[in-house]
Each structure stands twice: as structure tokens, then as C-alpha cells.
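Everything below belongs to query-v5.csv, which stores CSV, C-alpha atoms and all ligand atoms.
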chain,number,residue,atom,x,y,z
A,1,MET,CA,-4.7,-13.8,-21.1
A,2,LYS,CA,-5.4,-15.3,-17.7
A,3,VAL,CA,-8.0,-13.7,-15.4
A,4,ILE,CA,-7.9,-14.4,-11.7
A,5,GLU,CA,-10.6,-13.1,-9.4
A,6,VAL,CA,-9.9,-11.6,-5.9
A,7,ASP,CA,-13.2,-12.7,-4.4
A,8,LEU,CA,-14.4,-10.0,-2.0
A,9,GLY,CA,-18.2,-10.2,-2.5
A,10,ASP,CA,-19.5,-7.0,-4.2
A,11,ARG,CA,-15.9,-5.7,-4.3
A,12,THR,CA,-14.6,-8.7,-6.3
A,13,TYR,CA,-12.1,-7.6,-8.9
A,14,PRO,CA,-10.2,-9.3,-11.8
A,15,VAL,CA,-6.4,-9.6,-12.1
A,16,ILE,CA,-5.5,-9.9,-15.8
A,17,VAL,CA,-2.1,-11.6,-16.4
A,18,GLY,CA,-0.3,-12.0,-19.7
A,19,ASP,CA,2.0,-10.6,-22.3
A,20,GLY,CA,0.5,-7.3,-23.5
A,21,ALA,CA,-2.2,-7.3,-20.8
A,22,ARG,CA,-1.9,-3.5,-20.5
A,23,HIS,CA,-3.8,-3.2,-23.7
A,24,GLU,CA,-6.9,-4.5,-21.8
A,25,LEU,CA,-6.9,-1.4,-19.7
A,26,ALA,CA,-9.8,0.4,-21.4
A,27,GLU,CA,-11.9,-2.8,-20.9
A,28,VAL,CA,-11.5,-2.6,-17.1
A,29,VAL,CA,-11.8,1.1,-16.5
A,30,PRO,CA,-14.9,1.4,-14.3
A,31,ARG,CA,-18.1,2.3,-16.1
A,32,GLY,CA,-19.1,6.0,-15.6
A,33,ALA,CA,-15.6,7.3,-15.2
A,34,ARG,CA,-15.1,10.3,-17.4
A,35,ARG,CA,-11.5,11.0,-16.6
A,36,ALA,CA,-8.5,9.0,-15.6
A,37,ALA,CA,-5.5,10.3,-13.7
A,38,VAL,CA,-2.5,8.1,-14.7
A,39,ILE,CA,-0.1,8.2,-11.8
A,40,THR,CA,3.4,7.0,-12.6
A,41,GLN,CA,7.1,7.8,-12.2
A,42,GLU,CA,9.5,9.4,-14.8
A,43,ALA,CA,11.7,6.3,-14.9
A,44,ILE,CA,8.8,3.9,-15.8
A,45,PRO,CA,8.8,3.4,-19.6
A,46,VAL,CA,5.3,2.0,-19.9
A,47,GLU,CA,2.5,3.9,-21.7
A,48,VAL,CA,-1.1,3.1,-21.2
A,49,ASP,CA,-4.4,4.1,-22.8
A,50,PRO,CA,-7.4,4.1,-20.5
A,51,GLY,CA,-9.7,4.8,-23.4
A,52,ILE,CA,-11.1,8.0,-21.8
A,53,GLU,CA,-9.8,11.5,-21.3
A,54,HIS,CA,-6.6,11.2,-19.2
A,55,ARG,CA,-3.6,13.1,-17.9
A,56,VAL,CA,-0.3,11.7,-16.6
A,57,PHE,CA,0.9,12.8,-13.1
A,58,THR,CA,4.4,11.8,-12.0
A,59,VAL,CA,5.6,11.2,-8.4
A,60,PRO,CA,9.3,11.1,-7.4
A,61,ASP,CA,11.3,8.0,-8.0
A,62,GLY,CA,11.8,5.4,-5.3
A,63,GLU,CA,10.7,5.5,-1.7
A,64,LEU,CA,10.9,9.3,-1.9
A,65,ALA,CA,7.5,9.2,-3.4
A,66,LYS,CA,6.0,7.6,-0.3
A,67,THR,CA,5.3,10.7,1.8
A,68,LEU,CA,2.2,12.5,2.9
A,69,GLY,CA,3.6,15.6,1.1
A,70,VAL,CA,3.5,13.8,-2.2
A,71,VAL,CA,-0.1,12.5,-1.5
A,72,GLU,CA,-1.2,16.2,-0.8
A,73,ASP,CA,0.5,17.4,-3.9
A,74,VAL,CA,-1.1,14.7,-6.1
A,75,CYS,CA,-4.6,15.3,-4.5
A,76,GLN,CA,-4.2,19.1,-5.2
A,77,GLN,CA,-3.4,18.4,-8.8
A,78,LEU,CA,-6.4,16.1,-9.1
A,79,ALA,CA,-8.6,18.8,-7.5
A,80,ARG,CA,-7.3,21.5,-9.9
A,81,TRP,CA,-8.1,19.2,-12.8
A,82,GLY,CA,-11.6,18.7,-11.6
A,83,MET,CA,-11.5,15.0,-10.8
A,84,THR,CA,-14.7,13.8,-9.2
A,85,ARG,CA,-15.6,10.8,-7.2
A,86,ALA,CA,-17.0,9.2,-10.4
A,87,ASP,CA,-13.5,9.3,-12.0
A,88,VAL,CA,-10.6,6.9,-11.8
A,89,ILE,CA,-6.9,6.8,-10.8
A,90,VAL,CA,-4.7,4.4,-12.9
A,91,ALA,CA,-1.5,3.5,-11.1
A,92,VAL,CA,1.3,2.5,-13.5
A,93,GLY,CA,4.4,1.2,-11.8
A,94,GLY,CA,5.8,-1.0,-9.0
A,95,GLY,CA,5.0,-1.2,-5.3
A,96,VAL,CA,5.8,2.4,-4.6
A,97,VAL,CA,3.4,3.7,-7.2
A,98,THR,CA,0.7,1.3,-6.1
A,99,ASP,CA,1.1,2.4,-2.5
A,100,VAL,CA,1.0,6.1,-3.2
A,101,ALA,CA,-1.6,6.1,-6.0
A,102,GLY,CA,-3.8,3.6,-4.1
A,103,PHE,CA,-3.6,5.8,-1.0
A,104,CYS,CA,-4.6,8.9,-3.0
A,105,ALA,CA,-7.5,6.9,-4.3
A,106,ALA,CA,-8.5,5.9,-0.8
A,107,VAL,CA,-8.6,9.5,0.5
A,108,TYR,CA,-9.4,11.8,-2.4
A,109,HIS,CA,-13.1,12.8,-2.1
A,110,ARG,CA,-13.3,10.1,0.6
A,111,GLY,CA,-12.4,7.4,-1.9
A,112,ILE,CA,-12.4,7.0,-5.7
A,113,ARG,CA,-11.9,4.0,-7.8
A,114,PHE,CA,-8.4,2.9,-9.0
A,115,VAL,CA,-6.9,0.4,-11.4
A,116,SER,CA,-3.4,-0.8,-11.0
A,117,VAL,CA,-1.1,-1.6,-13.9
A,118,ALA,CA,1.8,-3.4,-12.2
A,119,THR,CA,5.0,-3.1,-14.2
A,120,THR,CA,7.5,-4.8,-11.8
A,121,LEU,CA,7.6,-8.5,-10.7
A,122,LEU,CA,7.2,-7.5,-7.1
A,123,GLY,CA,4.2,-5.3,-8.0
A,124,GLN,CA,2.6,-8.1,-10.0
A,125,ILE,CA,2.9,-10.9,-7.5
A,126,ASP,CA,2.5,-8.9,-4.4
A,127,ALA,CA,2.0,-5.2,-4.0
A,128,ALA,CA,-0.8,-4.5,-6.6
A,129,ILE,CA,-3.1,-7.2,-5.2
A,130,GLY,CA,-4.9,-7.0,-1.9
A,131,GLY,CA,-5.5,-3.3,-1.4
A,132,LYS,CA,-2.7,-2.3,1.0
A,133,THR,CA,-1.9,1.3,0.3
A,134,GLY,CA,0.1,3.9,2.3
A,135,VAL,CA,3.1,6.0,2.8
A,136,ASN,CA,6.1,6.3,5.2
A,137,LEU,CA,6.7,8.6,8.1
A,138,PRO,CA,10.1,9.7,9.3
A,139,GLU,CA,9.4,7.3,12.2
A,140,GLY,CA,9.0,4.2,10.0
A,141,LYS,CA,7.8,2.6,6.8
A,142,ASN,CA,4.1,2.3,5.8
A,143,LEU,CA,2.9,3.8,9.1
A,144,VAL,CA,0.0,5.7,7.5
A,145,GLY,CA,-2.3,4.0,5.0
A,146,ALA,CA,-5.6,2.3,4.3
A,147,PHE,CA,-7.0,-0.9,2.9
A,148,TRP,CA,-8.5,0.2,-0.4
A,149,GLN,CA,-9.1,-2.4,-3.0
A,150,PRO,CA,-8.6,-1.6,-6.7
A,151,SER,CA,-11.3,-2.2,-9.3
A,152,ALA,CA,-9.0,-4.2,-11.4
A,153,VAL,CA,-5.3,-5.1,-11.6
A,154,ILE,CA,-3.3,-5.6,-14.8
A,155,CYS,CA,0.0,-7.6,-14.8
A,156,ASP,CA,1.6,-7.2,-18.2
A,157,THR,CA,4.4,-9.7,-18.2
A,158,ALA,CA,5.9,-8.0,-21.3
A,159,THR,CA,6.8,-5.0,-19.0
A,160,LEU,CA,9.1,-7.2,-16.9
A,161,ALA,CA,11.6,-7.2,-19.8
A,162,THR,CA,12.1,-3.4,-19.2
A,163,LEU,CA,13.2,-3.8,-15.6
A,164,PRO,CA,16.8,-3.2,-14.5
A,165,PRO,CA,18.2,-6.7,-13.7
A,166,ARG,CA,18.6,-6.0,-10.0
A,167,GLU,CA,14.9,-4.8,-9.7
A,168,TYR,CA,13.8,-8.0,-11.4
A,169,ARG,CA,16.0,-10.2,-9.2
A,170,SER,CA,14.5,-8.5,-6.2
A,171,GLY,CA,11.0,-9.6,-7.4
A,172,LEU,CA,12.4,-13.2,-7.5
A,173,GLY,CA,12.8,-13.0,-3.7
A,174,GLU,CA,9.0,-12.6,-3.3
A,175,LEU,CA,8.5,-15.3,-6.0
A,176,ALA,CA,10.7,-17.7,-3.9
A,177,LYS,CA,8.4,-17.1,-1.0
A,178,TYR,CA,5.4,-18.5,-3.0
A,179,HIS,CA,7.2,-21.8,-3.5
A,180,PHE,CA,6.5,-22.4,0.2
A,181,LEU,CA,2.9,-21.0,0.2
A,182,GLY,CA,1.7,-23.8,-2.1
A,183,GLY,CA,3.4,-22.7,-5.3
A,184,ASP,CA,5.8,-25.6,-5.3
A,185,ASP,CA,7.9,-25.7,-8.5
A,186,LEU,CA,7.3,-22.2,-9.9
A,187,ALA,CA,10.8,-22.1,-11.4
A,188,GLY,CA,9.6,-24.7,-14.0
A,189,LEU,CA,6.7,-22.5,-15.3
A,190,GLY,CA,6.8,-19.8,-18.0
A,191,GLN,CA,6.7,-16.2,-17.0
A,192,ALA,CA,3.0,-15.5,-17.3
A,193,ASP,CA,2.1,-18.9,-15.7
A,194,ARG,CA,4.2,-18.3,-12.7
A,195,VAL,CA,3.0,-14.8,-12.2
A,196,ALA,CA,-0.6,-16.1,-12.5
A,197,ARG,CA,0.1,-18.9,-10.0
A,198,CYS,CA,1.5,-16.4,-7.4
A,199,VAL,CA,-1.5,-14.0,-8.1
A,200,GLN,CA,-3.9,-17.0,-7.4
A,201,ILE,CA,-2.2,-17.8,-4.1
A,202,LYS,CA,-2.2,-14.2,-3.0
A,203,ALA,CA,-5.8,-13.7,-4.2
A,204,ASP,CA,-7.0,-16.7,-2.1
A,205,VAL,CA,-5.2,-15.5,1.0
A,206,VAL,CA,-6.6,-12.0,0.6
A,207,ALA,CA,-10.1,-13.3,0.0
A,208,ALA,CA,-9.9,-15.3,3.2
A,209,ASP,CA,-8.5,-12.5,5.3
A,210,GLU,CA,-8.7,-9.1,3.7
A,211,ARG,CA,-7.5,-7.1,6.7
A,212,GLU,CA,-4.8,-9.3,8.0
A,213,GLY,CA,-6.7,-10.6,11.1
A,214,GLY,CA,-4.9,-14.0,10.8
A,215,ARG,CA,-4.1,-16.0,7.6
A,216,ARG,CA,-2.9,-13.0,5.6
A,217,ALA,CA,0.1,-12.8,7.9
A,218,ILE,CA,1.6,-15.9,6.0
A,219,LEU,CA,2.3,-13.5,3.1
A,220,ASN,CA,5.0,-12.1,5.4
A,221,TYR,CA,6.9,-15.4,5.3
A,222,GLY,CA,10.6,-14.5,5.3
A,223,HIS,CA,9.8,-10.8,6.1
A,224,THR,CA,10.8,-10.5,9.8
A,225,LEU,CA,14.5,-10.9,9.2
A,226,ALA,CA,14.1,-9.0,5.9
A,227,HIS,CA,12.6,-6.0,7.7
A,228,ALA,CA,15.4,-6.1,10.3
A,229,LEU,CA,18.0,-6.1,7.5
A,230,GLU,CA,16.2,-3.2,5.8
A,231,THR,CA,15.8,-1.3,9.1
A,232,ALA,CA,19.5,-1.7,9.9
A,233,ALA,CA,19.9,-0.1,6.5
A,234,ASP,CA,23.7,-0.3,6.3
A,235,PHE,CA,23.5,-3.0,3.8
A,236,ASP,CA,23.1,-2.8,0.0
A,237,LEU,CA,20.1,-5.1,-0.1
A,238,ARG,CA,16.9,-4.8,-2.1
A,239,HIS,CA,13.6,-5.9,-0.5
A,240,GLY,CA,13.4,-9.2,-2.4
A,241,GLU,CA,17.1,-10.0,-1.6
A,242,ALA,CA,16.4,-9.4,2.1
A,243,VAL,CA,13.3,-11.7,1.8
A,244,ALA,CA,15.5,-14.4,0.3
A,245,VAL,CA,17.8,-14.4,3.3
A,246,GLY,CA,14.7,-14.2,5.5
A,247,LEU,CA,13.2,-17.4,4.0
A,248,VAL,CA,16.4,-19.4,4.7
A,249,TYR,CA,16.5,-17.8,8.2
A,250,ALA,CA,12.8,-18.9,8.9
A,251,ALA,CA,13.8,-22.4,7.8
A,252,GLU,CA,16.7,-22.4,10.2
A,253,VAL,CA,14.4,-21.4,13.0
A,254,ALA,CA,11.8,-23.9,12.1
A,255,VAL,CA,14.2,-26.8,12.0
A,256,ARG,CA,15.5,-25.9,15.5
A,257,LEU,CA,11.9,-26.0,16.8
A,258,GLY,CA,11.4,-29.4,15.2
A,259,ARG,CA,8.8,-28.1,12.8
A,260,ILE,CA,10.6,-29.2,9.7
A,261,ASP,CA,13.5,-31.5,8.8
A,262,GLU,CA,16.9,-30.8,7.3
A,263,ALA,CA,15.7,-31.8,3.8
A,264,ARG,CA,13.2,-28.9,4.0
A,265,VAL,CA,15.9,-26.5,5.0
A,266,HIS,CA,17.9,-27.6,2.1
A,267,GLU,CA,14.8,-27.1,-0.1
A,268,HIS,CA,14.7,-23.4,1.0
A,269,ARG,CA,18.4,-23.0,0.2
A,270,ARG,CA,17.9,-24.7,-3.2
A,271,VAL,CA,15.0,-22.5,-4.2
A,272,VAL,CA,16.7,-19.3,-3.1
A,273,GLY,CA,20.0,-20.3,-4.7
A,274,GLY,CA,18.1,-21.3,-7.9
A,275,TYR,CA,17.1,-17.6,-8.3
A,276,ASP,CA,20.7,-16.5,-7.7
A,277,LEU,CA,19.6,-14.8,-4.5
A,278,PRO,CA,21.6,-14.5,-1.2
A,279,ALA,CA,21.1,-17.1,1.6
A,280,THR,CA,23.5,-15.6,4.1
A,281,LEU,CA,23.7,-12.4,6.2
A,282,PRO,CA,25.5,-9.5,4.5
A,283,PRO,CA,29.1,-9.2,5.5
A,284,GLY,CA,29.5,-7.1,8.6
A,285,SER,CA,26.0,-7.7,9.9
A,286,GLU,CA,25.7,-8.6,13.6
A,287,PRO,CA,23.2,-11.4,14.1
A,288,ALA,CA,22.4,-10.4,17.7
A,289,ALA,CA,21.6,-6.8,16.7
A,290,LEU,CA,19.3,-8.1,13.9
A,291,VAL,CA,17.3,-10.3,16.3
A,292,GLU,CA,17.0,-7.3,18.7
A,293,LEU,CA,15.2,-5.4,15.8
A,294,PHE,CA,12.5,-8.2,15.5
A,295,ALA,CA,10.6,-6.8,18.5
A,296,ARG,CA,10.1,-3.5,16.6
A,297,ASP,CA,8.5,-5.2,13.6
A,298,LYS,CA,5.0,-3.9,12.9
A,299,LYS,CA,3.8,-7.6,12.8
A,300,ALA,CA,5.1,-8.4,16.3
A,301,VAL,CA,1.8,-9.0,18.1
A,302,ASP,CA,2.8,-11.4,20.9
A,303,GLY,CA,6.4,-11.0,21.8
A,304,LEU,CA,8.6,-12.8,19.3
A,305,THR,CA,6.2,-14.1,16.6
A,306,LEU,CA,7.6,-15.4,13.3
A,307,VAL,CA,5.9,-16.9,10.3
A,308,LEU,CA,7.3,-20.4,10.1
A,309,ASP,CA,7.0,-23.5,7.9
A,310,GLY,CA,5.8,-26.7,9.7
A,311,PRO,CA,3.7,-29.9,9.4
A,312,ASP,CA,0.5,-27.8,8.7
A,313,GLY,CA,2.3,-25.5,6.3
A,314,VAL,CA,3.4,-21.9,6.8
A,315,GLU,CA,1.7,-20.2,9.8
A,316,PRO,CA,2.5,-17.5,12.5
A,317,VAL,CA,4.2,-19.0,15.6
A,318,ALA,CA,4.3,-17.0,18.8
A,319,GLY,CA,6.5,-17.1,21.8
A,320,ILE,CA,9.7,-18.3,20.2
A,321,ASP,CA,12.7,-18.8,22.5
A,322,PRO,CA,15.2,-15.9,21.8
A,323,ALA,CA,18.0,-18.4,22.1
A,324,VAL,CA,16.6,-20.3,19.0
A,325,LEU,CA,16.4,-17.0,17.1
A,326,HIS,CA,20.0,-16.2,17.9
A,327,ALA,CA,21.3,-19.6,17.0
A,328,ALA,CA,19.5,-19.6,13.6
A,329,ALA,CA,20.9,-16.1,12.9
A,330,GLU,CA,24.4,-17.3,13.7
A,331,ALA,CA,23.9,-20.2,11.2
A,332,LEU,CA,23.4,-17.5,8.5
A,333,ARG,CA,26.8,-15.7,9.0
A,334,SER,CA,28.5,-15.4,5.6
B,401,LIG,N1,2.5,-7.9,1.2
B,401,LIG,C1,1.8,-8.6,2.2
B,401,LIG,C2,0.3,-8.4,2.0
B,401,LIG,O1,-0.2,-7.9,1.1
B,401,LIG,O2,-0.4,-8.7,2.9
Could you render the structure from this file as C-alpha cells?
Ligand code: GLY
Amino acid sequence: MKVIEVDLGDRTYPVIVGDGARHELAEVVPRGARRAAVITQEAIPVEVDPGIEHRVFTVPDGELAKTLGVVEDVCQQLARWGMTRADVIVAVGGGVVTDVAGFCAAVYHRGIRFVSVATTLLGQIDAAIGGKTGVNLPEGKNLVGAFWQPSAVICDTATLATLPPREYRSGLGELAKYHFLGGDDLAGLGQADRVARCVQIKADVVAADEREGGRRAILNYGHTLAHALETAADFDLRHGEAVAVGLVYAAEVAVRLGRIDEARVHEHRRVVGGYDLPATLPPGSEPAALVELFARDKKAVDGLTLVLDGPDGVEPVAGIDPAVLHAAAEALRS
């Protein structure tokens, strides 16, 4: 097993990565907890043993789980069961479960401890680490939430074999992102090693900027166009697939700004293509309409800001000429 620490002072926590890592759960359940509420989804075929009295609570499948109504329902069930602030929530699932269970942990009794057992690639290399929790509103995704760090995270790479192929491929979109955040040739590593490498990169970023005051924004590399594609919603694209297109888009913007050369753009296309992920806009999409959606992105702090590659690595770049954004989007027409 590999153990990576997310260094947050007295809230530092371990991320345990490896084949069969879920069997370490009882070791990381916080001391003093008498009961564990295991929050998961029906479709997740992963069983865990927290080593203390526990009950399983399921939330609806997919994004349907990410509502305040589900949070209220779970918290009511925890109250009826007599969960106290000394007890623990164990989230078992992907990004959706982490978001909902983590948010329940943040607000139940003004905050109880939680451990995340991430069962998807996207959960293991992104969602489960860093303490972002929350739910959607009809007005938009992730509009209500809290930063609430887990006590420990478990990334059992054996569970990745249970994923539907498209879910796994979606995770590869986030993996592709880490190639450009210092991961370099992740494709050449074995499964546990590359998950551990991504976890290390994310852990370092979160430790440097827990609440996204600056550097943490680099984790959104490729996400501006991805969010626009997801908001436009007419396309059959998973999050990671949209991120893959967004990475190539960010490279096309960066080369037009003279921040990177054509070889680096090619590198983006090679990495994304190497994971069999899309590098062009979905058929029927309108580049101009997608660029219009950028201004609505939650991360847009100073007009049109994008996270871009450049001589000093990946960083947020403000005040980009809309003509460049449009030209780069045109370059991605399928
Ligand atoms: N998924 C981006 C972050 O955790 O900051």
C-alpha cells in the first residue's frame, strides 16, 4: 500500500492507495467513534467493514443524489439512528457520494468526521481528496457546499475493475489533466502507481491552497470548456470526456497567446488520444455559443479567465481576448 499525506497541520490526513486498500478501513476509522454510517448508492458493488457497529444508507443514483432534499433525508436517518458528533460517516462511491456524504458530515451536528472510500477513478484522483463537498440547486451545479476535510481517504484500485467502461474512461479525462500538472508520463505507470502519483499532485496543491484562494485553481485545467459543454447539456458527454476536449482547447488558446509552441499542443492531443478520449467538439456544437457560456463559469473571477499552460507551467490567466477564445474553439470543430 502507498500512503500519501494531505498536509493540513492538525487536520492532516492519509490517502491509502492500493489493490485491496478498502480492507484498511477499520485502521483509519477515527478513534472514539462508536458507530459508522456507510453512505453509498445501490449500484455500487463495494462492501466495506468499518470494524465498528455500522448501518448502510443509500442515496439515489447519479446527480439525482446531489440535492438538499437528499441531505435532509440522510441527516434525519442519522438522527433517528442516534448518531452523535463522536461517530463517523463512511462514504463509499464516486464523486457524487463523496459530495453528498461529505456535505452531510459537514453539517450534521455542526460537523462530524468522515472517511471516504473512493470507488471510481474520478473519485480516487480528484473528488475524494481536498474536502470539497456540496450539492446542486436547480439554478446550477455545486452551488451549496462546504470545505470539510475527511479524516482519511481510501483508494482501492481493485474497485476500478468493477466500473462500467465509460465511467472508467471518464476518469481518464481527469488523469490526462495530471500529465500537465507535473505528472508527465502517467500512461507508463501501473494502476496503483499512477493513482498514487495523481493523489500526490492533488495533495500538494490542496496543502498549499486549501480554499482555492489561488493555486488550487490549476486543478480546473481543461474545465472551463468542459463546464460549458456540460451546461449546454445537449451532448452525450461524461465529465472526463468534456475535460479531455477542454485540455486540447486550453492548449489551442495557449498557443495563440504565444505561451506554448505547436509541439506542446501536439503533446496535449497525443495524451488525450492515448486514452481514447475526444479532442474535438461534439457534432452540432456551436463554438461561439460555448464561449458565451464561459462568463457564467463559477471560476470566472476577472472577466474571461482560463487556466492555461505556459513557460511557468499551468496557471490562471486573466483578461483573454475573446477573439482568441473564439478562434481556438473553431479549431476544435469536428
Ligand atoms: N476538483 C477541483 C478541486 O478539488 O479543487
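Take the candidates A:Ala323, A:Ala152, A:Ala158, A:Leu219 and check each one against Thr12 in chain A using only C-alpha atoms; the shortest distance goes to A:Ala152.
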Exercise. Could you give me, as a list in words, the residues within 10 Å of Gly32 in chain A, counting all atoms listed in the file and dropping anything in the same chain fewer than 5 positions from it?
Key: Ala86, Asp87 and Val88 of chain A
Exercise. Return as a PyMOL selection string every polymer residue, whether protein, DNA or RNA, with at least one atom no more than 6 Å from an atom of ligand LIG 401 (chain B); count all atoms listed in the file.
Key: chain A and resi 126-127+130+216+219-220
Practice problem: Please measure the separation of CA of Gly131 in chain A and CA of Gly102 in chain A, giving the value in Å to one decimal. | Solution: 7.6 Å
Quiz item: In Å to one decimal, how far is CA of Leu181 in chain A from CA of Val314 in chain A?
Solution: 6.7 Å
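Residue nearest Thr58 in chain A within the list A:Ala176, A:Ala327, A:Ala43, A:Ile201: A:Ala43 [criterion: smallest interatomic distance, all atoms listed in the file].
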Exercise. Identify, on the basis of only C-alpha atoms, every residue whose closest approach to Ala79 in chain A does not exceed 12 Å; exclude the query and any residue fewer than 4 positions from it along the same chain; express the result as a PyMOL selection string.
Key: chain A and resi 37+72-75+83-85+87+104+108-109
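Among the candidate residues A:Leu122, A:Ala295, A:Val206, A:Ile112, the one lying nearest to Thr98 in chain A is A:Leu122, with distances computed using all atoms listed in the file.
Minimum distance to Asn136 in chain A across A:Glu42, A:Glu53, A:Asp184, A:Asp99 (counting all atoms listed in the file) occurs at A:Asp99.
Distance annotation: of A:Ala329, A:Glu315, A:Asp276, A:Ala226, the residue with the minimal separation from Arg256 in chain A is A:Ala329; atom set is all atoms listed in the file.
Across A:Ala217, A:Ala228, A:Val3, A:Ala192, the tightest approach to Thr305 in chain A is made by A:Ala217 when counting only C-alpha atoms.
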Considering all atoms listed in the file, return as a short mmCIF file (atom, residue, chain, number, x, y, z; two decimals) with C-alpha atoms, keeping the file's coordinate frame whatever protein or nucleic-acid residues lie within 10 Å of Val97 in chain A, sequence-local ones (same chain, fewer than 5 positions apart) excluded.
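Once everything was written out, this is result.cif:
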data_model
loop_
_atom_site.label_atom_id
_atom_site.label_comp_id
_atom_site.auth_asym_id
_atom_site.auth_seq_id
_atom_site.Cartn_x
_atom_site.Cartn_y
_atom_site.Cartn_z
CA ILE A 39 -0.10 8.20 -11.80
CA THR A 40 3.40 7.00 -12.60
CA GLN A 41 7.10 7.80 -12.20
CA THR A 58 4.40 11.80 -12.00
CA VAL A 59 5.60 11.20 -8.40
CA PRO A 60 9.30 11.10 -7.40
CA ASP A 61 11.30 8.00 -8.00
CA GLY A 62 11.80 5.40 -5.30
CA GLU A 63 10.70 5.50 -1.70
CA ALA A 65 7.50 9.20 -3.40
CA LYS A 66 6.00 7.60 -0.30
CA VAL A 90 -4.70 4.40 -12.90
CA ALA A 91 -1.50 3.50 -11.10
CA VAL A 92 1.30 2.50 -13.50
CA GLY A 102 -3.80 3.60 -4.10
CA PHE A 103 -3.60 5.80 -1.00
CA SER A 116 -3.40 -0.80 -11.00
CA VAL A 117 -1.10 -1.60 -13.90
CA ALA A 118 1.80 -3.40 -12.20
CA THR A 119 5.00 -3.10 -14.20
CA GLY A 123 4.20 -5.30 -8.00
CA ALA A 127 2.00 -5.20 -4.00
CA ALA A 128 -0.80 -4.50 -6.60
CA THR A 133 -1.90 1.30 0.30
#
Quiz prompt | For CA of Leu160 in chain A and CA of Leu229 in chain A, the interatomic separation in Å (one decimal) | solution = 26.0 Å
Self-check item: Near-Gly188 in chain A list (12 Å; all atoms listed in the file; drop same-chain fewer than 3 positions) as a ChimeraX atom specification
Solution: /A:179,183-185,191-194,197,271,274-275
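Counting all atoms listed in the file, Ala203 in chain A has the following residues at most 10 Å away, ignoring those fewer than 3 positions along the same chain: Ile4, Glu5, Val6, Asp7, Leu8, Tyr13, Pro14, Val15, Ile125, Asp126, Ile129, Gly130, Arg197, Cys198, Val199, Gln200, Val206, Ala207, Ala208, Asp209 and Glu210 of chain A.
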Just the selected residues (C-alpha atoms), exported as a JSON list (two decimals), keeping the file's coordinate frame, please.
[["chain", "number", "residue", "atom", "x", "y", "z"],
["A", 4, "ILE", "CA", -7.90, -14.40, -11.70],
["A", 5, "GLU", "CA", -10.60, -13.10, -9.40],
["A", 6, "VAL", "CA", -9.90, -11.60, -5.90],
["A", 7, "ASP", "CA", -13.20, -12.70, -4.40],
["A", 8, "LEU", "CA", -14.40, -10.00, -2.00],
["A", 13, "TYR", "CA", -12.10, -7.60, -8.90],
["A", 14, "PRO", "CA", -10.20, -9.30, -11.80],
["A", 15, "VAL", "CA", -6.40, -9.60, -12.10],
["A", 125, "ILE", "CA", 2.90, -10.90, -7.50],
["A", 126, "ASP", "CA", 2.50, -8.90, -4.40],
["A", 129, "ILE", "CA", -3.10, -7.20, -5.20],
["A", 130, "GLY", "CA", -4.90, -7.00, -1.90],
["A", 197, "ARG", "CA", 0.10, -18.90, -10.00],
["A", 198, "CYS", "CA", 1.50, -16.40, -7.40],
["A", 199, "VAL", "CA", -1.50, -14.00, -8.10],
["A", 200, "GLN", "CA", -3.90, -17.00, -7.40],
["A", 206, "VAL", "CA", -6.60, -12.00, 0.60],
["A", 207, "ALA", "CA", -10.10, -13.30, 0.00],
["A", 208, "ALA", "CA", -9.90, -15.30, 3.20],
["A", 209, "ASP", "CA", -8.50, -12.50, 5.30],
["A", 210, "GLU", "CA", -8.70, -9.10, 3.70]]
